[in-house]
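Here's the structure, in structure tokens; my notes come after.
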Amino acid sequence: MKLNEIADNPGSRHAKKRVGRGIGSGLGKTAGRGGKGQTARKGGAKAGFEGGQMPIYRRLPKRGFNKPNQVDYNEVNLSRVQTAIDAKKLDAGQPVTAAALLAAGVISAPLGGVRLLGKGELRSKVAFEVYHATAGAVAAVEKAGGSVKMLKPADKPAPDAK
């Protein structure tokens with residue numbers, strides 16, 4: 001093998017089409033874009049436009065509801081908490097709160113609170129203070145000898161009824 005004999009496989013590379021380079025090239029004048037109009041212009045067709053036909057986003061019914069006051073929780077699995085306890089980042093003797101999880105690096109930002117999920121196994125006796133916990137998570141914590149205290153978000157003051 002010689003350096004001057006090294007080459008790509010035949011057909012693996014092909015030259016780029018050069019458009020708008022004269023009538024003899026076969027791609028002159030309109031450069032393969034056809035006649036005049038919207039599609040001949042840069043940018044092409046409007047997104048979602050179907051040639052006058054009712055677009056699909058208007059044919060299909062609207063579904064669902066987005067809560068205007070939705071709360072985002074930090075979802076934490078039991079296995080992640082146990083890993084932090086094993087790595088000595090969390091103290092099992094202290095209550096596990098959002099601040100403790102943040103300091104241990106289990107969560108990256110304190111959103112609207114902590115939601116405890118039951119995936120994984122918990123071997124340590126731990127007291128949790130969270131805003132929400134699944135039934136499986138509560139059962140697993142209590143099985144390990146710990147407890148789950150549900151915190152209640154601060155209620156908005158009710159408007160005065162007359």
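Each chain in the structure tokens gets a letter, A, B and so on, in the order shown; residues start at 1 in every chain, and ligands are counted from 1 in the order they appear.
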
Leu111 of chain A surroundings by only C-alpha atoms, 12 Å radius, close-in-sequence under 2 positions cut, as an NGL selection string: :A and (70-75 or 98-99 or 102 or 107-109 or 113-115 or 131)

Only all heavy atoms, please: the residues just picked out, written as a compact mmCIF listing (two decimals), in the first residue's frame.
# COMPACT_ATOMS: atom_id res chain seq x y z
N GLN A 70 -50.02 25.49 38.95
CA GLN A 70 -49.39 24.17 39.12
C GLN A 70 -48.07 24.29 39.88
O GLN A 70 -47.29 25.21 39.65
CB GLN A 70 -49.13 23.55 37.75
CG GLN A 70 -48.58 22.15 37.81
CD GLN A 70 -48.50 21.52 36.43
OE1 GLN A 70 -48.95 22.10 35.46
NE2 GLN A 70 -47.94 20.34 36.35
N VAL A 71 -47.84 23.35 40.78
CA VAL A 71 -46.63 23.35 41.60
C VAL A 71 -45.69 22.26 41.09
O VAL A 71 -46.10 21.12 40.91
CB VAL A 71 -46.96 23.10 43.09
CG1 VAL A 71 -45.69 23.09 43.93
CG2 VAL A 71 -47.93 24.15 43.60
N ASP A 72 -44.44 22.61 40.85
CA ASP A 72 -43.43 21.64 40.45
C ASP A 72 -42.71 21.14 41.70
O ASP A 72 -42.19 21.95 42.48
CB ASP A 72 -42.41 22.27 39.50
CG ASP A 72 -42.95 22.42 38.10
OD1 ASP A 72 -43.88 21.67 37.75
OD2 ASP A 72 -42.44 23.27 37.36
N TYR A 73 -42.69 19.83 41.88
CA TYR A 73 -42.01 19.23 43.03
C TYR A 73 -40.72 18.57 42.58
O TYR A 73 -40.58 18.14 41.45
CB TYR A 73 -42.91 18.17 43.69
CG TYR A 73 -44.10 18.74 44.40
CD1 TYR A 73 -45.37 18.62 43.86
CD2 TYR A 73 -43.97 19.38 45.62
CE1 TYR A 73 -46.49 19.13 44.51
CE2 TYR A 73 -45.07 19.90 46.28
CZ TYR A 73 -46.32 19.78 45.72
OH TYR A 73 -47.40 20.30 46.37
N ASN A 74 -39.76 18.48 43.50
CA ASN A 74 -38.56 17.68 43.27
C ASN A 74 -38.92 16.23 43.57
O ASN A 74 -39.24 15.92 44.71
CB ASN A 74 -37.43 18.12 44.20
CG ASN A 74 -36.88 19.46 43.86
OD1 ASN A 74 -36.43 19.68 42.75
ND2 ASN A 74 -36.91 20.38 44.79
N GLU A 75 -38.88 15.38 42.58
CA GLU A 75 -39.21 13.97 42.79
C GLU A 75 -37.95 13.22 43.17
O GLU A 75 -36.95 13.24 42.44
CB GLU A 75 -39.85 13.38 41.53
CG GLU A 75 -41.20 13.99 41.24
CD GLU A 75 -41.90 13.38 40.05
OE1 GLU A 75 -41.22 12.76 39.22
OE2 GLU A 75 -43.13 13.51 39.96
N ALA A 98 -36.10 19.33 52.39
CA ALA A 98 -35.62 19.84 51.10
C ALA A 98 -34.25 20.48 51.26
O ALA A 98 -33.38 20.32 50.40
CB ALA A 98 -36.62 20.83 50.53
N ALA A 99 -34.05 21.19 52.38
CA ALA A 99 -32.75 21.84 52.61
C ALA A 99 -31.64 20.81 52.78
O ALA A 99 -30.52 20.99 52.27
CB ALA A 99 -32.84 22.74 53.84
N LEU A 102 -30.84 19.29 49.41
CA LEU A 102 -30.12 20.26 48.60
C LEU A 102 -28.65 20.31 49.01
O LEU A 102 -27.75 20.31 48.17
CB LEU A 102 -30.76 21.64 48.74
CG LEU A 102 -30.23 22.75 47.85
CD1 LEU A 102 -30.52 22.43 46.39
CD2 LEU A 102 -30.86 24.07 48.22
N ILE A 107 -30.91 16.93 45.27
CA ILE A 107 -31.68 17.79 44.39
C ILE A 107 -30.83 19.01 44.04
O ILE A 107 -29.94 19.38 44.80
CB ILE A 107 -33.04 18.21 45.01
CG1 ILE A 107 -32.84 18.97 46.32
CG2 ILE A 107 -33.93 17.01 45.21
CD1 ILE A 107 -34.13 19.51 46.92
N SER A 108 -31.11 19.61 42.90
CA SER A 108 -30.28 20.73 42.46
C SER A 108 -30.90 22.08 42.75
O SER A 108 -30.20 23.08 42.80
CB SER A 108 -30.00 20.60 40.96
OG SER A 108 -31.22 20.57 40.26
N ALA A 109 -32.23 22.13 42.92
CA ALA A 109 -32.89 23.41 43.21
C ALA A 109 -34.15 23.14 44.01
O ALA A 109 -34.88 22.20 43.69
CB ALA A 109 -33.23 24.13 41.93
N GLY A 113 -41.07 22.03 46.69
CA GLY A 113 -41.01 21.06 47.77
C GLY A 113 -40.54 19.71 47.24
O GLY A 113 -40.15 19.60 46.09
N VAL A 114 -40.62 18.70 48.10
CA VAL A 114 -40.12 17.37 47.74
C VAL A 114 -41.28 16.40 47.66
O VAL A 114 -42.17 16.40 48.50
CB VAL A 114 -39.08 16.87 48.77
CG1 VAL A 114 -38.63 15.46 48.45
CG2 VAL A 114 -37.88 17.79 48.79
N ARG A 115 -41.25 15.58 46.62
CA ARG A 115 -42.23 14.51 46.45
C ARG A 115 -41.46 13.20 46.52
O ARG A 115 -40.55 12.95 45.72
CB ARG A 115 -42.92 14.65 45.10
CG ARG A 115 -44.05 13.69 44.87
CD ARG A 115 -44.85 14.11 43.66
NE ARG A 115 -46.07 13.36 43.60
CZ ARG A 115 -46.26 12.28 42.85
NH1 ARG A 115 -45.27 11.85 42.09
NH2 ARG A 115 -47.40 11.64 42.87
N TYR A 131 -43.60 17.31 51.12
CA TYR A 131 -44.92 17.82 50.79
C TYR A 131 -45.84 16.74 50.24
O TYR A 131 -47.05 16.85 50.31
CB TYR A 131 -44.80 18.95 49.77
CG TYR A 131 -44.37 20.23 50.43
CD1 TYR A 131 -43.03 20.58 50.52
CD2 TYR A 131 -45.30 21.10 50.97
CE1 TYR A 131 -42.63 21.74 51.13
CE2 TYR A 131 -44.91 22.27 51.58
CZ TYR A 131 -43.58 22.59 51.67
OH TYR A 131 -43.20 23.74 52.28

Those of segment 21-88 of chain A in DSSP strand (DSSP E or B), formatted as JSON, numbers by chain: {"A": [50, 53, 74, 75, 76, 77]}

Residue selection dump (N, CA and C atoms) as a PDB file, in the first residue's frame:
ATOM      1  N   GLU A  50     -51.286  24.389   4.752  1.00  0.00           N
ATOM      2  CA  GLU A  50     -51.561  23.197   3.951  1.00  0.00           C
ATOM      3  C   GLU A  50     -52.263  23.547   2.656  1.00  0.00           C
ATOM      4  N   GLN A  53     -56.145  24.178   2.663  1.00  0.00           N
ATOM      5  CA  GLN A  53     -56.898  23.165   3.423  1.00  0.00           C
ATOM      6  C   GLN A  53     -56.814  23.514   4.903  1.00  0.00           C
ATOM      7  N   ASN A  74     -39.761  18.481  43.496  1.00  0.00           N
ATOM      8  CA  ASN A  74     -38.559  17.681  43.268  1.00  0.00           C
ATOM      9  C   ASN A  74     -38.923  16.235  43.575  1.00  0.00           C
ATOM     10  N   GLU A  75     -38.882  15.377  42.577  1.00  0.00           N
ATOM     11  CA  GLU A  75     -39.214  13.970  42.785  1.00  0.00           C
ATOM     12  C   GLU A  75     -37.946  13.219  43.173  1.00  0.00           C
ATOM     13  N   VAL A  76     -37.990  12.578  44.341  1.00  0.00           N
ATOM     14  CA  VAL A  76     -36.818  11.880  44.873  1.00  0.00           C
ATOM     15  C   VAL A  76     -37.214  10.446  45.189  1.00  0.00           C
ATOM     16  N   ASN A  77     -36.455   9.489  44.657  1.00  0.00           N
ATOM     17  CA  ASN A  77     -36.700   8.082  44.934  1.00  0.00           C
ATOM     18  C   ASN A  77     -35.972   7.660  46.210  1.00  0.00           C
TER      19      ASN A  77
END

Ala133 of chain A environment, 9 Å, only C-alpha atoms, sequence neighbours closer than 4 positions dropped, as a list in words: Val114, Arg115, Leu116, Leu117, Gly118, Ala137, Val138, Val148 and Met150 of chain A

Interatomic distance, atom CA of Val130 of chain A to atom CA of Pro110 of chain A (Å, one decimal):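 Result for atom CA of Val130 of chain A versus atom CA of Pro110 of chain A: 11.9 Å, one decimal.
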